[in-house]
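To be precise, the following lines are data_36.txt, and they hold compact mmCIF, C-alpha atoms.
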```txt
# COMPACT_ATOMS: atom_id res chain seq x y z
CA MET A 708 52.43 130.88 94.44
CA VAL A 709 50.95 134.08 95.84
CA ILE A 710 47.28 134.61 95.08
CA ILE A 711 46.46 138.30 94.90
CA VAL A 712 42.79 139.10 95.47
CA MET A 713 42.31 142.50 93.84
CA GLY A 714 39.66 145.11 93.12
CA VAL A 715 38.34 148.44 94.28
CA SER A 716 37.93 149.25 97.94
CA GLY A 717 34.89 147.59 99.46
CA CYS A 718 34.64 144.70 96.97
CA GLY A 719 35.45 142.08 99.62
CA LYS A 720 39.15 141.46 99.07
CA SER A 721 39.94 140.90 102.75
CA THR A 722 36.92 138.72 103.49
CA VAL A 723 37.34 136.56 100.39
CA GLY A 724 41.14 136.50 100.59
CA ALA A 725 41.14 135.33 104.20
CA ALA A 726 38.66 132.57 103.36
CA VAL A 727 40.70 131.41 100.34
CA ALA A 728 43.85 131.39 102.48
CA ALA A 729 42.12 129.32 105.16
CA GLU A 730 40.89 126.80 102.58
CA LEU A 731 44.37 126.47 101.08
CA GLY A 732 46.22 126.47 104.39
CA LEU A 733 48.20 129.56 103.40
CA PRO A 734 48.95 132.73 105.36
CA PHE A 735 46.77 135.75 104.57
CA TYR A 736 48.02 139.33 104.32
CA ASP A 737 46.21 142.58 103.69
CA ALA A 738 48.16 145.09 101.60
CA ASP A 739 46.53 147.92 103.58
CA ASP A 740 48.67 146.84 106.56
CA PHE A 741 51.81 147.75 104.60
CA HIS A 742 50.81 151.34 103.69
CA PRO A 743 53.04 154.04 105.14
CA ALA A 744 51.29 156.23 107.71
CA ALA A 745 51.26 159.17 105.28
CA ASN A 746 49.20 157.15 102.78
CA VAL A 747 46.69 156.15 105.46
CA ALA A 748 46.39 159.78 106.57
CA ARG A 749 45.72 160.92 102.98
CA MET A 750 42.99 158.33 102.52
CA GLU A 751 41.40 159.11 105.91
CA GLU A 752 41.19 162.74 104.78
CA GLY A 753 39.46 161.64 101.56
CA ILE A 754 42.47 162.42 99.37
CA PRO A 755 43.14 159.82 96.65
CA LEU A 756 46.64 158.41 96.51
CA ARG A 757 48.89 159.44 93.65
CA ASP A 758 51.25 157.08 91.87
CA GLU A 759 54.20 158.60 93.75
CA ASP A 760 52.40 157.65 96.99
CA ARG A 761 51.76 154.11 95.79
CA TYR A 762 55.14 153.15 94.33
CA PRO A 763 57.06 152.73 97.62
CA TRP A 764 54.13 150.68 98.97
CA LEU A 765 54.07 148.51 95.85
CA GLU A 766 57.83 147.91 96.10
CA ILE A 767 57.41 146.76 99.71
CA LEU A 768 54.66 144.38 98.60
CA ALA A 769 56.76 143.06 95.69
CA ALA A 770 59.56 142.20 98.12
CA LYS A 771 57.06 140.48 100.41
CA ILE A 772 55.61 138.49 97.48
CA THR A 773 59.12 137.23 96.67
CA GLU A 774 59.59 136.29 100.32
CA TRP A 775 56.19 134.57 100.54
CA ASN A 776 56.85 132.60 97.36
CA ARG A 777 60.10 131.32 98.85
CA SER A 778 58.27 130.20 101.98
CA GLY A 779 55.47 128.29 100.24
CA GLY A 780 52.97 130.91 99.10
CA ALA A 781 50.33 133.21 100.55
CA VAL A 782 47.13 135.07 99.77
CA LEU A 783 47.30 138.87 99.55
CA ALA A 784 44.36 141.28 99.44
CA CYS A 785 45.54 144.24 97.37
CA SER A 786 43.72 146.76 95.19
CA ALA A 787 46.28 146.39 92.33
CA LEU A 788 44.08 148.65 90.22
CA ARG A 789 46.42 149.37 87.31
CA GLU A 790 48.36 147.00 85.10
CA SER A 791 51.57 148.90 85.91
CA TYR A 792 50.97 148.20 89.62
CA ARG A 793 50.39 144.52 88.91
CA GLU A 794 53.65 144.41 86.94
CA ILE A 795 55.51 145.80 89.96
CA LEU A 796 53.87 143.23 92.22
CA ARG A 797 54.78 140.36 89.87
CA GLY A 798 58.35 141.53 89.46
CA ASP A 799 60.40 138.95 87.61
CA GLN A 800 58.24 136.11 88.97
CA LYS A 801 55.27 136.41 86.61
CA ALA A 802 54.27 132.76 87.02
CA ALA A 803 54.48 132.97 90.81
CA ALA A 804 51.52 135.34 91.24
CA ARG A 805 47.90 134.67 90.28
CA PHE A 806 45.39 137.52 90.31
CA VAL A 807 41.74 137.16 91.30
CA HIS A 808 39.66 140.22 90.36
CA LEU A 809 36.56 140.82 92.47
CA GLN A 810 34.22 142.84 90.30
CA GLY A 811 31.02 144.65 91.21
CA SER A 812 28.90 147.69 90.42
CA ARG A 813 29.52 151.10 91.95
CA GLU A 814 26.11 150.90 93.58
CA LEU A 815 26.64 147.51 95.24
CA ILE A 816 30.16 148.26 96.44
CA GLY A 817 29.18 151.75 97.61
CA GLN A 818 26.35 150.22 99.64
CA ARG A 819 28.76 147.73 101.23
CA MET A 820 31.25 150.48 102.04
CA ARG A 821 28.55 152.53 103.78
CA GLN A 822 27.69 149.51 105.95
CA ARG A 823 31.21 148.66 107.09
CA THR A 824 32.87 150.14 110.16
CA GLY A 825 36.44 150.57 111.28
CA HIS A 826 38.02 151.13 107.85
CA TYR A 827 39.87 154.29 106.91
CA MET A 828 38.81 154.33 103.24
CA PRO A 829 35.77 156.62 102.90
CA VAL A 830 33.03 155.87 100.36
CA GLY A 831 33.84 159.26 98.80
CA LEU A 832 37.02 157.78 97.32
CA LEU A 833 35.21 154.93 95.58
CA GLU A 834 34.81 156.89 92.35
CA SER A 835 38.59 157.48 92.20
CA GLN A 836 39.08 153.73 92.63
CA PHE A 837 36.81 152.95 89.68
CA ALA A 838 38.50 155.69 87.62
CA ALA A 839 41.92 154.11 88.26
CA LEU A 840 40.79 150.51 87.67
CA GLU A 841 42.25 148.81 84.60
CA PRO A 842 40.52 145.42 84.60
CA PRO A 843 43.11 142.66 84.20
CA GLU A 844 42.99 140.37 81.20
CA ASP A 845 44.90 137.55 82.87
CA ALA A 846 42.95 137.16 86.11
CA ILE A 847 40.20 135.02 87.48
CA THR A 848 37.32 137.54 87.43
CA ILE A 849 34.36 136.97 89.71
CA SER A 850 31.27 139.06 90.41
CA VAL A 851 30.72 140.02 94.04
CA ASP A 852 26.94 140.04 93.71
CA GLN A 853 26.74 136.91 95.89
CA THR A 854 27.84 135.83 99.36
CA PRO A 855 31.51 135.05 100.04
CA GLU A 856 31.04 131.25 100.13
CA PRO A 857 30.23 130.74 96.41
CA ILE A 858 32.88 133.30 95.47
CA VAL A 859 35.52 131.38 97.42
CA ARG A 860 34.36 128.06 95.95
CA ARG A 861 34.62 129.43 92.41
CA ILE A 862 38.10 130.81 93.06
CA LEU A 863 39.26 127.46 94.40
CA ASP A 864 37.74 125.66 91.39
CA GLU A 865 39.39 128.08 88.95
CA LEU A 866 42.76 127.75 90.68
CA LYS A 867 42.48 123.95 90.52
CA GLU A 868 41.65 124.12 86.78
CA HIS A 869 44.58 126.47 86.18
CA ASP A 870 46.98 124.17 88.03
CA ALA A 871 45.74 121.15 86.06
CA ALA A 872 46.32 123.01 82.78
CA VAL A 873 49.88 124.02 83.66
```
Mind converting the file's structure to structure tokens?
Amino acid sequence: MVIIVMGVSGCGKSTVGAAVAAELGLPFYDADDFHPAANVARMEEGIPLRDEDRYPWLEILAAKITEWNRSGGAVLACSALRESYREILRGDQKAAARFVHLQGSRELIGQRMRQRTGHYMPVGLLESQFAALEPPEDAITISVDQTPEPIVRRILDELKEHDAAV
């Protein structure tokens, strides 16, 4: 299975995703690393991505998810803001992807974005992220108003419960 840690920019997807992957002994990938250069340039300039910018990126990720499922699973940090994007990522393997939605207030996430360095996504695009967000109904949803350790523990507990129920 591929676990997709999703949410708006700055919510902690990479930090939490990498920790979950380490706990599960799975490889970790960041969807940002698969963006075409043109998408990165748009975001660096403070220009929100359009769907036509995102679709080729999502198709690349969907192919990778299929590949990762065949090789034993992975954890992917990916915004996956809209249900239509999540459908592309799942492809025809709906049961082979589990979404974890990291949820937080604009204020908290904006504060975290202002404190981080070395990331191309400016805090000015946060509002467009929240505007695009369609909260998933079928995800593990966790507030990011705590440190990464309890968030990771809760994700692992929820995944274990889900596996036991299946």
- Might you pull out every residue within 6 Å of Val727 (chain A), with all atoms listed in the file counted and same-chain residues fewer than 3 positions away left off, and present them as a PyMOL selection string? chain A and resi 724+730+859
- Task: Select all residues near (47.6, 133.2, 88.2) (cut-off 8 Å, inclusive, file coordinates), counting only C-alpha atoms, and output them as a list in words.
- Result: Ile710, Ala802, Ala803, Ala804, Arg805, Phe806, Val807, Asp845, Ala846, Ile847, Leu866 and His869 of chain A
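By chain and then residue number, the residues within 10 Å of Glu790 (chain A) are A:Ile795, A:Leu796, A:Leu840, A:Glu841, A:Pro842, A:Pro843, A:Glu844, counting all atoms listed in the file and disregarding those fewer than 5 positions away in sequence.
Proximity of A:Ile772, A:Phe837, A:Asp760, A:Pro857 to Pro734 (chain A), computed with all atoms listed in the file, is greatest for A:Ile772.
Minimum atom-to-atom distance to Ala728 (chain A), evaluated using all atoms listed in the file, belongs to A:Val709 out of A:Glu865, A:Val709, A:Leu756, A:Ser812.
Remark: for Gln810 (chain A), the closest of the candidate residues A:Glu774, A:Asp740, A:Glu766, A:Asp852 is A:Asp852 (distances computed over all atoms listed in the file).
In this structure, CA of Val712 (chain A) sits 12.2 Å away from CA of Leu863 (chain A).
Counting all atoms listed in the file, the residue from A:Ala738, A:Ala744, A:Leu815, A:Ala726 that sits nearest to Lys771 (chain A) is A:Ala738.
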